[in-house]
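Below is one structure, written out as structure tokens; comments come after it.
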Amino acid sequence: MNKAVDISTKKLISLAPNNWAKWVTGIPDIVTGEILNTEFQWISRQSDVVIQAESPQYGKFLILNELQLRHTSEMPRRMRAYAALAEEKYKLQTYPVLINILKISNSEIPTSFASNFIGLRAIQDYRVINLWEVDVNIAFETPLPSLLPFVPILKGGENESTIREALRMLRADEQLNQLETVLAFFATFVLESTLVQEIMRWDMTVLRESPWYQEILREGLARGEAEGEARGEARGEARGEARGEVRGITSSIETSLEAKFGSDGLELMSEISQISDLGQLKEILRKIVVANTIQELRNVL
């Protein structure tokens, strides 16, 4: 189970690209073609996945898929940029789709970018799909294997029997069985870790290899390093970087607590925000992933 796995968005979508395209666009007679290169000349970051598609009504066009662990305020601007760059590179109309995995608040998620500067307007609409609002039966009935690893966080997917069925389908397919750690990661959001261990039949330390777990950890580290570097340069203080890293990890802990435990999790932030030891904060962030209850995290504190 510790071998490297490819659970990139491209890998997930390529499992059943036609069904994926039908789901995100709502076009029943759509046919997909090549999954295109998304490396754009003018920016270093890549969009997740661009699929070339065609339908009798709309002809050839692009589906731009952006899969995010959590929604951020930067996404509307990024969706505008990605859509424009894809159209410029491939000379085709683009249907942009933003898929958000984890719910972090009840705030409404924007479905467009709009600006007005000196009387000049820029507008970009895009479709938003929040996985917590998607009926779990879609993953099984469509079928849409790309959604199987996310079953625990889909609407109605939080019960043990449904998660066991998703696991059975993943293990039965050689293309899908590497996605088991992703399913396990999201299962810890709705089931006790001991039960997830029993269902998966392996030790929960395997989750430390999960790219989703690593992404949460990296987000905190990267944010902290960036803030620390900026403060250190501005003030000429070596300790600025360390303080920034602590602040970044604390911010990532707050986001992770809200994603997994909701408002109850945020009650711990008053205590966590007083901690300045970087090693202790990293350990708290790791523990959030496998914790069953708020009390377990209190014991860590």
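Ordered as shown in the structure tokens, chains take letters A, B, and onward, while each chain numbers its residues from 1 and ligands are numbered from 1 in the order shown.
The environment of region 131-134 of chain A within 8 Å, counting only C-alpha atoms and disregarding residues fewer than 3 places along the same chain, consists of Ile99, Asn100, Ile101, Leu102, Lys103, Ile138, Phe150, Ile153, Leu154 and Lys155 of chain A.
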Test item: residues at most 8 Å from Leu148 (chain A), only C-alpha atoms, excluding those fewer than 5 positions along its chain, as a VMD selection string: chain A and resid 139 to 140 166 170 183
Using N, CA, C and O atoms, can you export the residues from the last selection as a tab-separated table (two decimals), in the first residue's frame?
```tsv
chain	number	residue	atom	x	y	z
A	139	ALA	N	-22.39	8.31	-8.41
A	139	ALA	CA	-21.12	7.59	-8.54
A	139	ALA	C	-21.33	6.13	-8.91
A	139	ALA	O	-20.53	5.55	-9.64
A	140	PHE	N	-22.42	5.54	-8.41
A	140	PHE	CA	-22.66	4.12	-8.63
A	140	PHE	C	-23.50	3.84	-9.88
A	140	PHE	O	-23.30	2.85	-10.57
A	166	ALA	N	-18.25	1.25	-2.16
A	166	ALA	CA	-17.28	2.01	-2.96
A	166	ALA	C	-15.91	1.34	-2.92
A	166	ALA	O	-15.23	1.24	-3.94
A	170	LEU	N	-13.67	-0.23	-6.02
A	170	LEU	CA	-12.29	0.21	-6.26
A	170	LEU	C	-11.35	-0.99	-6.32
A	170	LEU	O	-10.48	-1.07	-7.20
A	183	LEU	N	-10.08	7.22	-0.75
A	183	LEU	CA	-11.35	6.88	-0.12
A	183	LEU	C	-11.20	6.83	1.40
A	183	LEU	O	-12.04	7.34	2.14
```
Long-range neighbours of Thr142 (chain A) as a list in words, 10 Å cut-off, only C-alpha atoms, 5 positions minimum in chain: Asn19, Trp20, Lys22, Trp23 and Asn137 of chain A
Glu271 (chain A) environment, 12 Å, only C-alpha atoms, sequence neighbours closer than 6 positions dropped, as a VMD selection string: chain A and resid 250 253 to 254 265 281 284 297 to 298 300 to 301
Residue contacts of Leu67 (chain A) (10 Å, only C-alpha atoms) excluding same-chain residues fewer than 6 positions away, as a ChimeraX atom specification: /A:8-9,47-49,97-101,129
Coordinates-based distance that separates CA of Pro76 (chain A) from CA of Gln124 (chain A) (Å, one decimal): 8.1 Å
Nearest candidate to Arg80 (chain A) (options A:Ser112, A:Asn65, A:Ser107, A:Asn159; using only C-alpha atoms): A:Ser112
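Among the candidates A:Arg286, A:Arg168, A:Lys10, A:Arg127, the one nearest to Pro110 (chain A) when counting only C-alpha atoms is A:Arg127.
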Residue neighbourhood Ile63 (chain A), 9 Å, only C-alpha atoms, exclusion window fewer than 3 positions, as an MDAnalysis selection string: chainID A and resid 21 24:25 49:53 93:97
Alpha helix (DSSP H) positions in region 56-215 of chain A, given as a ChimeraX atom specification: /A:75-90,137-141,160-172,180-187,193-200,211-215
Near-region 198-201 of chain A list (12 Å; only C-alpha atoms; drop same-chain fewer than 3 positions) as a PyMOL selection string: chain A and resi 1+160-168+170-171+177+179-185+187-188+191-195+204-207
Could you dump the residues just selected with N, CA, C and O atoms as a compact mmCIF listing (two decimals), in the first residue's frame?
```
# COMPACT_ATOMS: atom_id res chain seq x y z
N MET A 1 0.82 -1.22 0.00
CA MET A 1 0.00 0.00 0.00
C MET A 1 0.85 1.26 0.00
O MET A 1 0.35 2.34 -0.16
N GLU A 160 -21.61 3.50 6.58
CA GLU A 160 -20.60 2.44 6.43
C GLU A 160 -20.85 1.55 5.22
O GLU A 160 -19.91 1.22 4.47
N SER A 161 -22.09 1.14 5.00
CA SER A 161 -22.38 0.21 3.90
C SER A 161 -22.06 0.83 2.54
O SER A 161 -21.55 0.14 1.64
N THR A 162 -22.34 2.10 2.38
CA THR A 162 -22.05 2.78 1.12
C THR A 162 -20.55 2.87 0.89
O THR A 162 -20.05 2.66 -0.23
N ILE A 163 -19.82 3.18 1.94
CA ILE A 163 -18.36 3.27 1.82
C ILE A 163 -17.76 1.91 1.51
O ILE A 163 -16.83 1.79 0.71
N ARG A 164 -18.30 0.86 2.13
CA ARG A 164 -17.82 -0.50 1.84
C ARG A 164 -18.07 -0.87 0.37
O ARG A 164 -17.24 -1.51 -0.27
N GLU A 165 -19.21 -0.45 -0.16
CA GLU A 165 -19.51 -0.74 -1.57
C GLU A 165 -18.55 0.00 -2.49
O GLU A 165 -18.08 -0.56 -3.50
N ALA A 166 -18.25 1.25 -2.16
CA ALA A 166 -17.28 2.01 -2.96
C ALA A 166 -15.91 1.34 -2.92
O ALA A 166 -15.23 1.24 -3.94
N LEU A 167 -15.52 0.87 -1.75
CA LEU A 167 -14.24 0.18 -1.60
C LEU A 167 -14.22 -1.10 -2.43
O LEU A 167 -13.22 -1.43 -3.09
N ARG A 168 -15.33 -1.86 -2.40
CA ARG A 168 -15.41 -3.09 -3.17
C ARG A 168 -15.21 -2.82 -4.66
O ARG A 168 -14.48 -3.53 -5.36
N LEU A 170 -13.67 -0.23 -6.02
CA LEU A 170 -12.29 0.21 -6.26
C LEU A 170 -11.35 -0.99 -6.32
O LEU A 170 -10.48 -1.07 -7.20
N ARG A 171 -11.52 -1.91 -5.39
CA ARG A 171 -10.61 -3.06 -5.32
C ARG A 171 -10.84 -4.05 -6.46
O ARG A 171 -9.95 -4.82 -6.81
N ASN A 177 -7.94 0.44 -7.99
CA ASN A 177 -7.57 0.04 -6.64
C ASN A 177 -6.51 0.91 -5.99
O ASN A 177 -6.38 0.92 -4.77
N LEU A 179 -6.73 3.96 -5.73
CA LEU A 179 -7.43 5.11 -5.15
C LEU A 179 -7.97 4.82 -3.76
O LEU A 179 -8.67 5.63 -3.17
N GLU A 180 -7.64 3.67 -3.21
CA GLU A 180 -8.16 3.26 -1.91
C GLU A 180 -7.76 4.24 -0.80
O GLU A 180 -8.55 4.54 0.10
N THR A 181 -6.53 4.74 -0.85
CA THR A 181 -6.10 5.66 0.21
C THR A 181 -6.89 6.97 0.17
O THR A 181 -7.10 7.60 1.19
N VAL A 182 -7.30 7.38 -1.02
CA VAL A 182 -8.11 8.60 -1.13
C VAL A 182 -9.47 8.37 -0.46
O VAL A 182 -9.96 9.21 0.31
N LEU A 183 -10.08 7.22 -0.75
CA LEU A 183 -11.35 6.88 -0.12
C LEU A 183 -11.20 6.83 1.40
O LEU A 183 -12.04 7.34 2.14
N ALA A 184 -10.11 6.23 1.87
CA ALA A 184 -9.88 6.12 3.31
C ALA A 184 -9.73 7.49 3.95
O ALA A 184 -10.25 7.74 5.04
N PHE A 185 -9.02 8.37 3.27
CA PHE A 185 -8.83 9.72 3.80
C PHE A 185 -10.17 10.41 4.04
O PHE A 185 -10.44 10.93 5.13
N ALA A 187 -13.05 8.98 4.26
CA ALA A 187 -13.88 8.19 5.18
C ALA A 187 -13.64 8.63 6.62
O ALA A 187 -14.56 8.56 7.46
N THR A 188 -12.42 9.10 6.94
CA THR A 188 -12.14 9.53 8.31
C THR A 188 -12.91 10.79 8.67
O THR A 188 -12.99 11.16 9.84
N LEU A 191 -16.48 8.64 9.59
CA LEU A 191 -16.46 7.43 10.41
C LEU A 191 -15.30 7.49 11.38
O LEU A 191 -14.32 8.20 11.16
N GLU A 192 -15.39 6.72 12.46
CA GLU A 192 -14.28 6.64 13.40
C GLU A 192 -13.09 5.96 12.72
O GLU A 192 -13.24 5.05 11.91
N SER A 193 -11.90 6.41 13.09
CA SER A 193 -10.69 5.88 12.47
C SER A 193 -10.55 4.38 12.67
O SER A 193 -10.07 3.66 11.79
N THR A 194 -10.98 3.88 13.87
CA THR A 194 -10.89 2.44 14.11
C THR A 194 -11.77 1.66 13.14
O THR A 194 -11.40 0.57 12.69
N LEU A 195 -12.94 2.22 12.80
CA LEU A 195 -13.83 1.55 11.85
C LEU A 195 -13.24 1.59 10.45
O LEU A 195 -13.33 0.62 9.69
N MET A 204 -3.80 2.81 9.93
CA MET A 204 -4.13 4.17 9.51
C MET A 204 -2.90 5.01 9.19
O MET A 204 -3.02 6.09 8.62
N THR A 205 -1.71 4.55 9.56
CA THR A 205 -0.50 5.30 9.20
C THR A 205 -0.33 5.37 7.69
O THR A 205 0.39 6.23 7.17
N VAL A 206 -0.99 4.46 6.97
CA VAL A 206 -0.94 4.49 5.49
C VAL A 206 -1.47 5.83 4.99
O VAL A 206 -1.08 6.32 3.93
N LEU A 207 -2.37 6.45 5.74
CA LEU A 207 -2.96 7.73 5.30
C LEU A 207 -1.91 8.82 5.17
O LEU A 207 -2.11 9.79 4.45
```
